[in-house]
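K.L.:
Please find one structure pasted underneath; my questions will follow.
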Amino acid sequence: MSRLKDLRKYVEKVLNKMEKNDKRNSAVAHLYGVSLAATMIAKKRGLDPELASMAAMLHDLHAYKSGSYDDHAHKGAELARQILTELELTNDAETDTICSAIYHHDDKLSIDGPMDEVLKDADVIHHCMNDLSKPIKEKEQARFDKLCEEFGM
């Protein structure tokens with residue numbers, strides 16, 4: 001089995017513990033949606049699509065597990081490191097790359113490392129395109145506009 005499939009099985013077990021079906025369904029849709037977007041963006045930018053997808057599968061897991069978005073990016077990076085260490089899916093450098101992306105993913109107005117930017121952009125794509133009836137958040141508008149230009153949309 002691939003590393004990504006192993007990680008998805010783990011994440012699904014965590015999400016299946018969520019009591020409310022609508023919240024669980026939303027969490028699954030978001031993590032898988034961001035994961036697909038991250039894979040595509042990383043591939044286009046010449047980065048590792050598997051690591052991007054793994055970061056995306058873990059990026060909001062702390063919030064879903066705890067029920068709180070309070071400092072979820074930083075706490076999520078710590079949780080991701082614990083999970084990746086426990087599952088032995090990545091080497092130290094890969095773990096650092098994934099955890100950095102998760103740590104920085106909520107700061108959409110800053111520019112960080114290449115993989116950090118992939119996760120931020122994938123998150124924005126899902127936020128902006130998953131429900132076209134919702135307005136785009138001010139902090140995501142400029143990033144979304146750049147993504148539309150990059151992808152010719």
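Chain labels A, B, ... are given in the sequence in which chains occur in the structure tokens; within each chain residues are numbered consecutively from 1, and ligands are likewise numbered from 1 in the order shown.
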Show which residues sit within 8 Å of range 13-18 of chain A, as an mmCIF file with N, CA, C and O atoms, in the first residue's frame. Count only C-alpha atoms, and ignore same-chain residues fewer than 5 positions away.

P.N.:
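Contents of part_33.cif, freshly written:
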```cif
data_model
loop_
_atom_site.group_PDB
_atom_site.id
_atom_site.type_symbol
_atom_site.label_atom_id
_atom_site.label_comp_id
_atom_site.auth_asym_id
_atom_site.auth_seq_id
_atom_site.Cartn_x
_atom_site.Cartn_y
_atom_site.Cartn_z
ATOM 1 N N LYS A 23 -20.765 17.476 9.906
ATOM 2 C CA LYS A 23 -19.399 17.969 10.135
ATOM 3 C C LYS A 23 -18.365 16.971 9.616
ATOM 4 O O LYS A 23 -17.356 17.358 9.036
ATOM 5 N N ARG A 24 -18.624 15.685 9.820
ATOM 6 C CA ARG A 24 -17.715 14.651 9.314
ATOM 7 C C ARG A 24 -17.667 14.695 7.788
ATOM 8 O O ARG A 24 -16.592 14.669 7.190
ATOM 9 N N ALA A 27 -15.680 17.641 6.688
ATOM 10 C CA ALA A 27 -14.251 17.425 6.931
ATOM 11 C C ALA A 27 -13.648 16.525 5.852
ATOM 12 O O ALA A 27 -12.576 16.820 5.317
ATOM 13 N N VAL A 28 -14.335 15.450 5.538
ATOM 14 C CA VAL A 28 -13.848 14.532 4.502
ATOM 15 C C VAL A 28 -13.741 15.263 3.167
ATOM 16 O O VAL A 28 -12.716 15.184 2.472
ATOM 17 N N TYR A 64 -10.457 19.293 13.415
ATOM 18 C CA TYR A 64 -11.553 18.326 13.377
ATOM 19 C C TYR A 64 -11.545 17.412 14.599
ATOM 20 O O TYR A 64 -12.584 17.081 15.148
ATOM 21 N N LYS A 65 -10.357 17.045 15.022
ATOM 22 C CA LYS A 65 -10.227 16.145 16.177
ATOM 23 C C LYS A 65 -10.601 16.846 17.476
ATOM 24 O O LYS A 65 -11.267 16.267 18.327
#
```

K.L.:
I'd like the contact shell of Asp71 in chain A - 12 Å cut-off, only C-alpha atoms, skipping same-chain residues fewer than 5 positions apart - returned as a PDB file with C-alpha atoms, in the first residue's frame.

P.N.:
```
ATOM      1  CA  ASP A  60      -6.937  20.631   9.489  1.00  0.00           C
ATOM      2  CA  HIS A  62      -6.282  18.927  14.704  1.00  0.00           C
ATOM      3  CA  ALA A  63      -9.285  21.219  14.307  1.00  0.00           C
ATOM      4  CA  SER A  66     -10.432  18.853  18.857  1.00  0.00           C
ATOM      5  CA  GLY A  76      -1.922  20.775  13.630  1.00  0.00           C
ATOM      6  CA  ALA A  77       1.761  20.737  12.724  1.00  0.00           C
ATOM      7  CA  GLU A  78       2.555  19.151  16.103  1.00  0.00           C
ATOM      8  CA  ILE A 102       0.757  22.767   7.934  1.00  0.00           C
ATOM      9  CA  TYR A 103       2.289  25.232  10.411  1.00  0.00           C
ATOM     10  CA  HIS A 104       2.120  28.088   7.863  1.00  0.00           C
ATOM     11  CA  HIS A 105      -1.072  27.205   5.973  1.00  0.00           C
ATOM     12  CA  ASP A 106      -3.352  29.628   7.808  1.00  0.00           C
ATOM     13  CA  ASP A 107      -1.216  32.700   7.087  1.00  0.00           C
TER      14      ASP A 107
END
```

K.L.:
Please determine, counting only C-alpha atoms, which residue among A:Lys9, A:Asp121, A:Gln82, A:Glu138 has the shortest atom-to-atom distance to Glu150 in chain A.

P.N.:
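The shortest atom-to-atom distance to Glu150 in chain A comes from A:Asp121.
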
K.L.:
I'd like the interatomic distance between CA of Asp145 in chain A and CA of Thr97 in chain A, to a tenth of an Å.

P.N.:
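Interatomic distance, CA of Asp145 in chain A to CA of Thr97 in chain A: 25.7 Å.
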
K.L.:
Mind checking DSSP for range 64-95 of chain A and telling me the alpha helix (DSSP H) residues as a list in words?

P.N.:
Tyr64, Lys65, Ser66, His72, Ala73, His74, Lys75, Gly76, Ala77, Glu78, Leu79, Ala80, Arg81, Gln82, Ile83, Leu84, Thr85, Glu86, Leu87, Asp92, Ala93, Glu94 and Thr95 of chain A

K.L.:
Would you mind exporting N, CA, C and O atoms of the selected residues as a short mmCIF file (atom, residue, chain, number, x, y, z; two decimals), in the first residue's frame?

P.N.:
```cif
data_model
loop_
_atom_site.label_atom_id
_atom_site.label_comp_id
_atom_site.auth_asym_id
_atom_site.auth_seq_id
_atom_site.Cartn_x
_atom_site.Cartn_y
_atom_site.Cartn_z
N TYR A 64 -10.46 19.29 13.41
CA TYR A 64 -11.55 18.33 13.38
C TYR A 64 -11.55 17.41 14.60
O TYR A 64 -12.58 17.08 15.15
N LYS A 65 -10.36 17.04 15.02
CA LYS A 65 -10.23 16.14 16.18
C LYS A 65 -10.60 16.85 17.48
O LYS A 65 -11.27 16.27 18.33
N SER A 66 -10.21 18.11 17.61
CA SER A 66 -10.43 18.85 18.86
C SER A 66 -11.74 19.64 18.85
O SER A 66 -12.23 20.01 19.91
N HIS A 72 -5.04 26.41 15.20
CA HIS A 72 -5.10 25.05 14.63
C HIS A 72 -3.93 24.73 13.71
O HIS A 72 -3.55 23.57 13.60
N ALA A 73 -3.36 25.73 13.05
CA ALA A 73 -2.25 25.45 12.15
C ALA A 73 -1.01 25.00 12.93
O ALA A 73 -0.37 24.00 12.58
N HIS A 74 -0.70 25.71 13.98
CA HIS A 74 0.49 25.37 14.77
C HIS A 74 0.28 24.05 15.53
O HIS A 74 1.16 23.18 15.54
N LYS A 75 -0.88 23.91 16.13
CA LYS A 75 -1.19 22.66 16.84
C LYS A 75 -1.30 21.50 15.86
O LYS A 75 -0.94 20.37 16.17
N GLY A 76 -1.81 21.80 14.67
CA GLY A 76 -1.92 20.78 13.63
C GLY A 76 -0.57 20.26 13.16
O GLY A 76 -0.42 19.08 12.85
N ALA A 77 0.41 21.15 13.11
CA ALA A 77 1.76 20.74 12.72
C ALA A 77 2.34 19.77 13.76
O ALA A 77 2.99 18.78 13.41
N GLU A 78 2.09 20.05 15.03
CA GLU A 78 2.55 19.15 16.10
C GLU A 78 1.87 17.79 15.99
O GLU A 78 2.53 16.74 16.11
N LEU A 79 0.56 17.79 15.76
CA LEU A 79 -0.17 16.54 15.61
C LEU A 79 0.32 15.77 14.39
O LEU A 79 0.51 14.55 14.45
N ALA A 80 0.57 16.46 13.30
CA ALA A 80 1.06 15.80 12.08
C ALA A 80 2.40 15.13 12.34
O ALA A 80 2.63 13.99 11.90
N ARG A 81 3.28 15.81 13.07
CA ARG A 81 4.59 15.22 13.38
C ARG A 81 4.40 13.94 14.21
O ARG A 81 5.07 12.93 13.96
N GLN A 82 3.51 13.97 15.17
CA GLN A 82 3.25 12.77 15.98
C GLN A 82 2.72 11.62 15.11
O GLN A 82 3.18 10.48 15.24
N ILE A 83 1.78 11.93 14.22
CA ILE A 83 1.18 10.91 13.36
C ILE A 83 2.22 10.32 12.41
O ILE A 83 2.34 9.10 12.27
N LEU A 84 2.98 11.19 11.76
CA LEU A 84 3.98 10.71 10.79
C LEU A 84 5.08 9.90 11.48
O LEU A 84 5.57 8.92 10.93
N THR A 85 5.44 10.30 12.70
CA THR A 85 6.43 9.54 13.47
C THR A 85 5.86 8.18 13.86
O THR A 85 6.53 7.15 13.70
N GLU A 86 4.63 8.18 14.34
CA GLU A 86 3.99 6.93 14.75
C GLU A 86 3.84 5.96 13.57
O GLU A 86 4.12 4.77 13.70
N LEU A 87 3.42 6.47 12.44
CA LEU A 87 3.18 5.61 11.28
C LEU A 87 4.45 5.28 10.49
O LEU A 87 4.42 4.41 9.62
N ASP A 92 12.92 12.21 8.15
CA ASP A 92 12.92 13.47 8.92
C ASP A 92 12.71 14.69 8.03
O ASP A 92 11.95 15.60 8.38
N ALA A 93 13.38 14.74 6.88
CA ALA A 93 13.25 15.89 5.99
C ALA A 93 11.83 16.00 5.43
O ALA A 93 11.27 17.10 5.35
N GLU A 94 11.23 14.88 5.06
CA GLU A 94 9.86 14.89 4.55
C GLU A 94 8.87 15.33 5.64
O GLU A 94 7.96 16.11 5.38
N THR A 95 9.09 14.83 6.85
CA THR A 95 8.24 15.22 7.97
C THR A 95 8.34 16.72 8.21
O THR A 95 7.32 17.40 8.40
#
```

K.L.:
Which residues come within 12 Å of Met115 in chain A, counting only C-alpha atoms, excluding same-chain residues fewer than 6 positions away, as a PyMOL selection string?

P.N.:
chain A and resi 38-39+41-43+45-56+94-105+121-122

K.L.:
For a test of reading the model, state the distance in Å between CA of Ser35 in chain A and CA of Met57 in chain A, rounded to one decimal.

P.N.:
5.8 Å

K.L.:
How far is it from CA of His30 in chain A to CA of Asn91 in chain A, in Å with one decimal?

P.N.:
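Separating CA of His30 in chain A from CA of Asn91 in chain A is a distance of 26.2 Å.
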